[in-house]
$ cat protein_0.txt   # compact mmCIF, C-alpha atoms
# COMPACT_ATOMS: atom_id res chain seq x y z
CA MET W 6 0.00 0.00 0.00
CA LYS W 7 2.83 2.38 0.83
CA GLN W 8 4.45 1.75 -2.50
CA LEU W 9 1.12 2.29 -4.25
CA ALA W 10 0.65 5.66 -2.50
CA ILE W 11 4.12 6.75 -3.56
CA VAL W 12 3.36 5.79 -7.13
CA MET W 13 0.05 7.69 -7.02
CA ASN W 14 1.72 10.74 -5.57
CA ASN W 15 4.36 10.61 -8.25
CA ASP W 16 1.66 10.22 -10.89
CA SER W 17 -0.26 13.22 -9.48
CA LEU W 18 2.88 15.28 -9.47
CA ALA W 19 3.64 14.29 -13.03
CA ALA W 20 0.10 15.15 -14.06
CA VAL W 21 0.34 18.58 -12.48
CA LEU W 22 3.69 19.21 -14.14
CA ALA W 23 2.28 18.01 -17.44
CA GLN W 24 -0.55 20.54 -17.15
CA GLY W 25 2.01 23.31 -16.76
CA HIS W 26 0.85 24.28 -13.29
CA ASP W 27 2.56 27.46 -12.19
CA TYR W 28 3.60 27.14 -8.53
CA LYS W 29 5.13 30.60 -8.56
CA ARG W 30 1.73 32.07 -9.39
CA SER W 31 -0.07 29.88 -6.88
CA LEU W 32 2.22 30.79 -4.04
CA ALA W 33 2.18 34.52 -4.82
CA GLY W 34 -1.55 34.69 -5.44
CA ASP W 35 -0.81 37.20 -8.19
CA GLU W 36 -0.51 37.43 -11.93
CA LEU W 37 2.59 37.14 -14.07
CA ASP W 38 3.63 39.58 -16.74
CA GLU W 39 4.96 38.57 -20.16
CA ASP W 40 8.45 38.01 -18.77
CA GLY W 41 7.21 35.73 -16.02
CA ASN W 42 7.62 38.25 -13.23
CA VAL W 43 5.04 38.44 -10.50
CA VAL W 44 2.72 41.44 -10.72
CA ASN W 45 1.80 42.51 -7.22
CA ALA W 46 -1.94 42.64 -6.55
CA VAL W 47 -1.66 46.08 -4.94
CA ASP W 48 0.15 47.47 -7.97
CA ARG W 49 -2.54 46.02 -10.20
CA VAL W 50 -5.30 47.69 -8.15
CA VAL W 51 -3.49 51.05 -8.17
CA THR W 52 -2.97 50.85 -11.92
CA ASN W 53 -6.61 49.99 -12.52
CA SER W 54 -7.77 52.81 -10.22
CA THR W 55 -5.53 55.32 -11.99
CA ASN W 56 -6.85 54.25 -15.38
CA GLU W 57 -10.43 54.53 -14.15
CA PHE W 58 -9.74 58.01 -12.73
CA MET W 59 -8.21 59.24 -15.99
CA ASP W 60 -11.13 57.78 -17.92
CA ALA W 61 -13.56 59.59 -15.61
CA ILE W 62 -11.75 62.91 -16.16
CA SER W 63 -11.79 62.38 -19.91
CA ASP W 64 -15.50 61.57 -19.87
CA PHE W 65 -16.19 64.64 -17.72
CA PHE W 66 -14.49 67.05 -20.11
CA GLN W 67 -16.11 65.41 -23.11
CA SER W 68 -19.51 65.91 -21.50
CA LEU W 69 -19.02 69.66 -20.99
CA PRO W 70 -20.95 71.96 -23.35
CA TRP W 71 -18.97 74.14 -25.74
CA VAL W 72 -20.01 77.25 -23.80
CA VAL W 73 -17.80 76.19 -20.90
CA TYR W 74 -14.76 76.07 -23.19
CA VAL W 75 -15.57 79.54 -24.49
CA VAL W 76 -15.77 80.88 -20.93
CA LEU W 77 -12.47 79.21 -20.01
CA ALA W 78 -10.82 80.73 -23.07
CA ILE W 79 -12.10 84.21 -22.14
CA VAL W 80 -10.82 83.81 -18.57
CA ALA W 81 -7.40 82.69 -19.85
CA ALA W 82 -7.24 85.64 -22.27
CA ALA W 83 -8.20 88.08 -19.49
CA PHE W 84 -5.51 86.65 -17.20
CA LEU W 85 -2.91 86.98 -19.96
CA ALA W 86 -3.97 90.58 -20.58
CA TYR W 87 -3.62 91.29 -16.86
CA LEU W 88 -0.09 89.86 -16.83
CA LEU W 89 0.86 91.98 -19.83
CA TYR W 90 -0.58 95.05 -18.15
CA ARG W 91 1.39 94.36 -14.98
CA ARG W 92 4.55 94.10 -17.08
CA GLY W 93 4.04 97.53 -18.59
CA VAL W 94 1.92 96.82 -21.64
CA LEU W 95 -1.21 98.95 -21.50
CA GLY W 96 -4.62 97.39 -21.91
CA TRP W 97 -5.43 99.44 -24.98
CA GLY W 98 -2.80 97.83 -27.15
CA PHE W 99 0.53 99.69 -27.06
CA SER W 100 3.72 99.78 -25.07
CA GLU W 101 3.83 102.19 -22.15
CA GLN W 102 7.59 102.59 -22.56
CA LYS W 103 7.25 103.59 -26.23
CA VAL W 104 4.37 106.03 -25.70
CA VAL W 105 5.95 107.78 -22.72
CA ALA W 106 9.26 108.11 -24.57
CA GLU W 107 7.48 109.75 -27.52
CA ASP W 108 5.33 112.11 -25.42
CA ALA W 109 6.99 112.45 -22.02
CA ASP W 110 6.21 115.17 -19.48
CA ASP W 111 9.16 116.88 -17.80
CA ILE W 112 7.98 117.74 -14.30
CA TYR W 113 10.63 120.49 -13.98
CA GLU W 114 9.81 122.16 -17.29
CA ILE W 115 6.05 122.50 -16.71
CA ASP W 116 4.47 125.42 -14.87
CA ILE W 117 2.26 123.12 -12.81
CA PRO W 118 0.56 125.81 -10.65
CA GLY W 119 -0.13 128.06 -13.63
CA GLU W 120 -1.43 125.26 -15.86
CA THR W 121 -3.56 123.94 -13.00
CA ASP W 122 -5.23 127.32 -12.56
CA ALA W 123 -5.91 127.51 -16.29
CA ALA W 124 -7.33 123.98 -16.36
CA LEU W 125 -9.60 124.77 -13.40
CA ARG W 126 -10.99 127.82 -15.16
CA ALA W 127 -11.53 125.84 -18.36
CA GLY W 128 -13.02 122.82 -16.58
CA ASP W 129 -10.39 120.62 -18.29
CA HIS W 130 -10.53 117.58 -16.02
CA ALA W 131 -8.14 115.52 -18.15
CA ALA W 132 -5.49 118.21 -17.74
CA LEU W 133 -6.20 118.40 -14.01
CA VAL W 134 -5.70 114.63 -13.63
CA ARG W 135 -2.43 114.85 -15.55
CA LEU W 136 -1.14 117.86 -13.61
CA THR W 137 -2.05 116.36 -10.24
CA TYR W 138 -0.07 113.25 -11.07
CA LEU W 139 2.91 115.24 -12.32
CA SER W 140 2.89 117.46 -9.24
CA THR W 141 2.89 114.32 -7.11
CA LEU W 142 5.94 113.01 -8.97
CA ARG W 143 7.72 116.32 -8.42
CA ARG W 144 6.98 116.36 -4.72
CA LEU W 145 8.09 112.73 -4.37
CA ASP W 146 11.33 113.48 -6.17
CA GLU W 147 11.98 116.54 -3.99
CA ALA W 148 11.33 114.37 -0.92
CA GLY W 149 13.83 111.78 -2.17
CA ARG W 150 11.19 109.07 -2.44
CA ILE W 151 11.72 108.50 -6.18
CA GLU W 152 14.61 109.09 -8.55
CA TRP W 153 13.22 111.25 -11.36
CA ARG W 154 14.25 110.43 -14.92
CA ILE W 155 12.22 111.67 -17.85
CA HIS W 156 12.59 108.37 -19.71
CA LYS W 157 11.16 106.34 -16.81
CA THR W 158 7.56 105.16 -17.07
CA PRO W 159 4.78 105.74 -14.52
CA THR W 160 4.79 102.01 -13.79
CA GLN W 161 8.48 102.21 -12.86
CA PHE W 162 7.76 105.08 -10.47
CA ALA W 163 4.90 103.05 -8.96
CA ARG W 164 7.35 100.24 -8.22
CA GLU W 165 9.55 102.71 -6.36
CA VAL W 166 6.73 104.16 -4.25
CA ARG W 167 4.88 100.88 -3.61
CA MET W 168 1.67 102.39 -2.22
CA LYS W 169 -1.88 101.59 -3.26
CA PRO W 170 -2.97 105.26 -3.50
CA PHE W 171 -0.08 105.94 -5.85
CA ASN W 172 -0.87 102.81 -7.86
CA ASP W 173 -4.43 104.12 -8.25
CA MET W 174 -3.13 107.52 -9.35
CA THR W 175 -0.79 105.91 -11.86
CA ARG W 176 -3.50 103.70 -13.35
CA HIS W 177 -5.90 106.59 -13.92
CA PHE W 178 -3.16 108.89 -15.17
CA LEU W 179 -2.19 106.34 -17.82
CA ARG W 180 -5.81 105.84 -18.85
CA VAL W 181 -6.47 109.56 -19.20
CA ARG W 182 -3.08 110.79 -20.44
CA TYR W 183 -2.21 108.07 -22.94
CA GLY W 184 -5.38 106.00 -23.29
CA LYS W 185 -7.57 109.06 -23.98
CA PHE W 186 -10.16 107.91 -21.44
CA PRO W 187 -12.60 110.60 -20.29
CA ALA W 188 -11.94 112.38 -16.99
CA SER W 189 -14.40 113.95 -14.59
CA ARG W 190 -14.51 116.32 -11.65
CA GLU W 191 -14.96 113.29 -9.38
CA LEU W 192 -11.83 111.64 -10.74
CA TYR W 193 -9.85 114.85 -10.26
CA GLU W 194 -11.00 115.04 -6.64
CA GLN W 195 -10.03 111.37 -6.18
CA MET W 196 -6.57 112.18 -7.53
CA LEU W 197 -6.23 114.96 -4.96
CA GLY W 198 -7.24 112.60 -2.18
CA TRP W 199 -4.76 109.95 -3.31
CA GLN W 200 -2.07 112.59 -3.60
CA GLU W 201 -2.64 113.60 0.02
CA GLN W 202 -2.38 109.98 1.17
CA VAL W 203 0.81 109.45 -0.80
CA MET W 204 2.49 112.53 0.57
CA LYS W 205 1.49 111.59 4.11
CA GLY W 206 2.84 108.09 3.59
CA GLY W 207 -0.62 106.52 3.73
CA ALA W 208 -1.51 102.84 3.75
CA SER W 209 0.53 100.81 1.30
$ encode --input "protein_0.txt" --output "structure tokens"
Amino acid sequence: MKQLAIVMNNDSLAAVLAQGHDYKRSLAGDELDEDGNVVNAVDRVVTNSTNEFMDAISDFFQSLPWVVYVVLAIVAAAFLAYLLYRRGVLGWGFSEQKVVAEDADDIYEIDIPGETDAALRAGDHAALVRLTYLSTLRRLDEAGRIEWRIHKTPTQFAREVRMKPFNDMTRHFLRVRYGKFPASRELYEQMLGWQEQVMKGGAS
């Protein structure tokens, strides 16, 4: 009987070997890749989950209406325009450096008090906005808070001052002086208020 059992066991073993049973796979409880290496079950789950996640994202974007893409494009264009503006390119399509160089104001060659009186009498609010900004530059230079150079742009002066009221003055000066935007009595009065804050060293 013992010999018979040994023979049967040997026959079973031979049968299993003949069927190509993979003990490496059985012991690991995993799959094998094409090279016969064990693929860990955890890795397989992670890979499957990643693929499912990417498929879900793809399906989500494919399901979006075209209007969403238009809105995203507009937002991206607006953000790019903002970055260009911050780097000295004005929103109305030309270089601040070029325009200022071609039509610069020399704060020490202008009769600011006299021209301001004339602009007040004429109700020329654009001139008043310009003159208020230029007088602020002159006072800042005299106080040693900026280094005046006629070729420097308003944006460069704003970087030297680093105050929100002066940033507001600079933005509106550029719009009115070089962008030909309309000015008003209210804007002129705002410029005066910002000028006072700047000269007092108001909130940055």
$ residues_around --input "protein_0.txt" --residues "Gln200 (chain W)" --least-positions-apart "3" --cutoff "12 Å" --atoms "only C-alpha atoms" --output "list in words"
Val134, Leu136, Thr137, Tyr138, Leu139, Ser140, Thr141, Leu142, Arg143, Arg144, Leu145, Met168, Lys169, Pro170, Phe171, Asn172, Asp173, Met174, Thr175, Tyr193, Glu194, Gln195, Met196, Leu197, Val203, Met204, Lys205, Gly206 and Gly207 of chain W
$ atom_distance --input "protein_0.txt" --atom1 "CA of Pro159 (chain W)" --atom2 "CA of Leu179 (chain W)"
7.7 Å
$ closest_residue --input "protein_0.txt" --among "W:Arg154, W:Ala78, W:Phe58, W:Arg126" --to "Asp111 (chain W)" --atoms "all atoms listed in the file"
W:Arg154
$ closest_residue --input "protein_0.txt" --among "W:Gly128, W:Tyr183, W:Tyr113, W:Arg176" --to "Trp153 (chain W)" --atoms "all atoms listed in the file"
W:Tyr113
$ closest_residue --input "protein_0.txt" --among "W:Val80, W:Ile151, W:Ala61, W:Ile115" --to "Arg164 (chain W)" --atoms "all atoms listed in the file"
W:Ile151
$ closest_residue --input "protein_0.txt" --among "W:Ile79, W:Ala132, W:Ala109, W:Asp64" --to "Phe186 (chain W)" --atoms "only C-alpha atoms"
W:Ala132
$ atom_distance --input "protein_0.txt" --atom1 "CA of Phe178 (chain W)" --atom2 "CA of His156 (chain W)"
16.4 Å
$ atom_distance --input "protein_0.txt" --atom1 "CA of Gln161 (chain W)" --atom2 "CA of Ala86 (chain W)"
18.7 Å
$ closest_residue --input "protein_0.txt" --among "W:Val73, W:Gly149, W:His130, W:Ile112" --to "Leu192 (chain W)" --atoms "all atoms listed in the file"
W:His130
$ axis_aligned_box --input "protein_0.txt" --around "region 119-123 of chain W" --padding-each-side "8 Å" --output "AutoDock Vina command-line options"
--center_x -3.0 --center_y 126.0 --center_z -14.4 --size_x 21.8 --size_y 20.1 --size_z 19.7
$ build_atoms --input "protein_0.txt" --residues "region 159-174 of chain W" --atoms "N, CA and C atoms" --output "PDB file, in the frame of the given file"
ATOM      1  N   PRO W 159       5.565 105.677 -15.764  1.00  0.00           N
ATOM      2  CA  PRO W 159       4.780 105.740 -14.520  1.00  0.00           C
ATOM      3  C   PRO W 159       4.798 104.417 -13.750  1.00  0.00           C
ATOM      4  N   THR W 160       4.761 103.311 -14.465  1.00  0.00           N
ATOM      5  CA  THR W 160       4.790 102.010 -13.790  1.00  0.00           C
ATOM      6  C   THR W 160       6.098 101.825 -13.022  1.00  0.00           C
ATOM      7  N   GLN W 161       7.201 102.307 -13.570  1.00  0.00           N
ATOM      8  CA  GLN W 161       8.480 102.210 -12.860  1.00  0.00           C
ATOM      9  C   GLN W 161       8.476 103.068 -11.600  1.00  0.00           C
ATOM     10  N   PHE W 162       7.872 104.252 -11.672  1.00  0.00           N
ATOM     11  CA  PHE W 162       7.760 105.080 -10.470  1.00  0.00           C
ATOM     12  C   PHE W 162       6.868 104.405  -9.425  1.00  0.00           C
ATOM     13  N   ALA W 163       5.807 103.740  -9.889  1.00  0.00           N
ATOM     14  CA  ALA W 163       4.900 103.050  -8.960  1.00  0.00           C
ATOM     15  C   ALA W 163       5.640 101.947  -8.216  1.00  0.00           C
ATOM     16  N   ARG W 164       6.573 101.289  -8.886  1.00  0.00           N
ATOM     17  CA  ARG W 164       7.350 100.240  -8.220  1.00  0.00           C
ATOM     18  C   ARG W 164       8.274 100.821  -7.154  1.00  0.00           C
ATOM     19  N   GLU W 165       8.702 102.062  -7.352  1.00  0.00           N
ATOM     20  CA  GLU W 165       9.550 102.710  -6.360  1.00  0.00           C
ATOM     21  C   GLU W 165       8.744 103.138  -5.128  1.00  0.00           C
ATOM     22  N   VAL W 166       7.542 103.641  -5.358  1.00  0.00           N
ATOM     23  CA  VAL W 166       6.730 104.160  -4.250  1.00  0.00           C
ATOM     24  C   VAL W 166       6.057 103.022  -3.485  1.00  0.00           C
ATOM     25  N   ARG W 167       5.510 102.055  -4.221  1.00  0.00           N
ATOM     26  CA  ARG W 167       4.880 100.880  -3.610  1.00  0.00           C
ATOM     27  C   ARG W 167       3.788 101.245  -2.603  1.00  0.00           C
ATOM     28  N   MET W 168       2.828 102.040  -3.039  1.00  0.00           N
ATOM     29  CA  MET W 168       1.670 102.390  -2.220  1.00  0.00           C
ATOM     30  C   MET W 168       0.421 102.286  -3.072  1.00  0.00           C
ATOM     31  N   LYS W 169      -0.636 101.753  -2.500  1.00  0.00           N
ATOM     32  CA  LYS W 169      -1.880 101.590  -3.260  1.00  0.00           C
ATOM     33  C   LYS W 169      -2.428 102.916  -3.774  1.00  0.00           C
ATOM     34  N   PRO W 170      -2.464 103.996  -2.952  1.00  0.00           N
ATOM     35  CA  PRO W 170      -2.970 105.260  -3.500  1.00  0.00           C
ATOM     36  C   PRO W 170      -2.195 105.731  -4.718  1.00  0.00           C
ATOM     37  N   PHE W 171      -0.877 105.513  -4.695  1.00  0.00           N
ATOM     38  CA  PHE W 171      -0.080 105.940  -5.850  1.00  0.00           C
ATOM     39  C   PHE W 171      -0.309 105.011  -7.041  1.00  0.00           C
ATOM     40  N   ASN W 172      -0.527 103.735  -6.778  1.00  0.00           N
ATOM     41  CA  ASN W 172      -0.870 102.810  -7.860  1.00  0.00           C
ATOM     42  C   ASN W 172      -2.177 103.230  -8.524  1.00  0.00           C
ATOM     43  N   ASP W 173      -3.153 103.650  -7.706  1.00  0.00           N
ATOM     44  CA  ASP W 173      -4.430 104.120  -8.250  1.00  0.00           C
ATOM     45  C   ASP W 173      -4.238 105.386  -9.087  1.00  0.00           C
ATOM     46  N   MET W 174      -3.428 106.300  -8.585  1.00  0.00           N
ATOM     47  CA  MET W 174      -3.130 107.520  -9.350  1.00  0.00           C
ATOM     48  C   MET W 174      -2.486 107.177 -10.688  1.00  0.00           C
TER      49      MET W 174
END
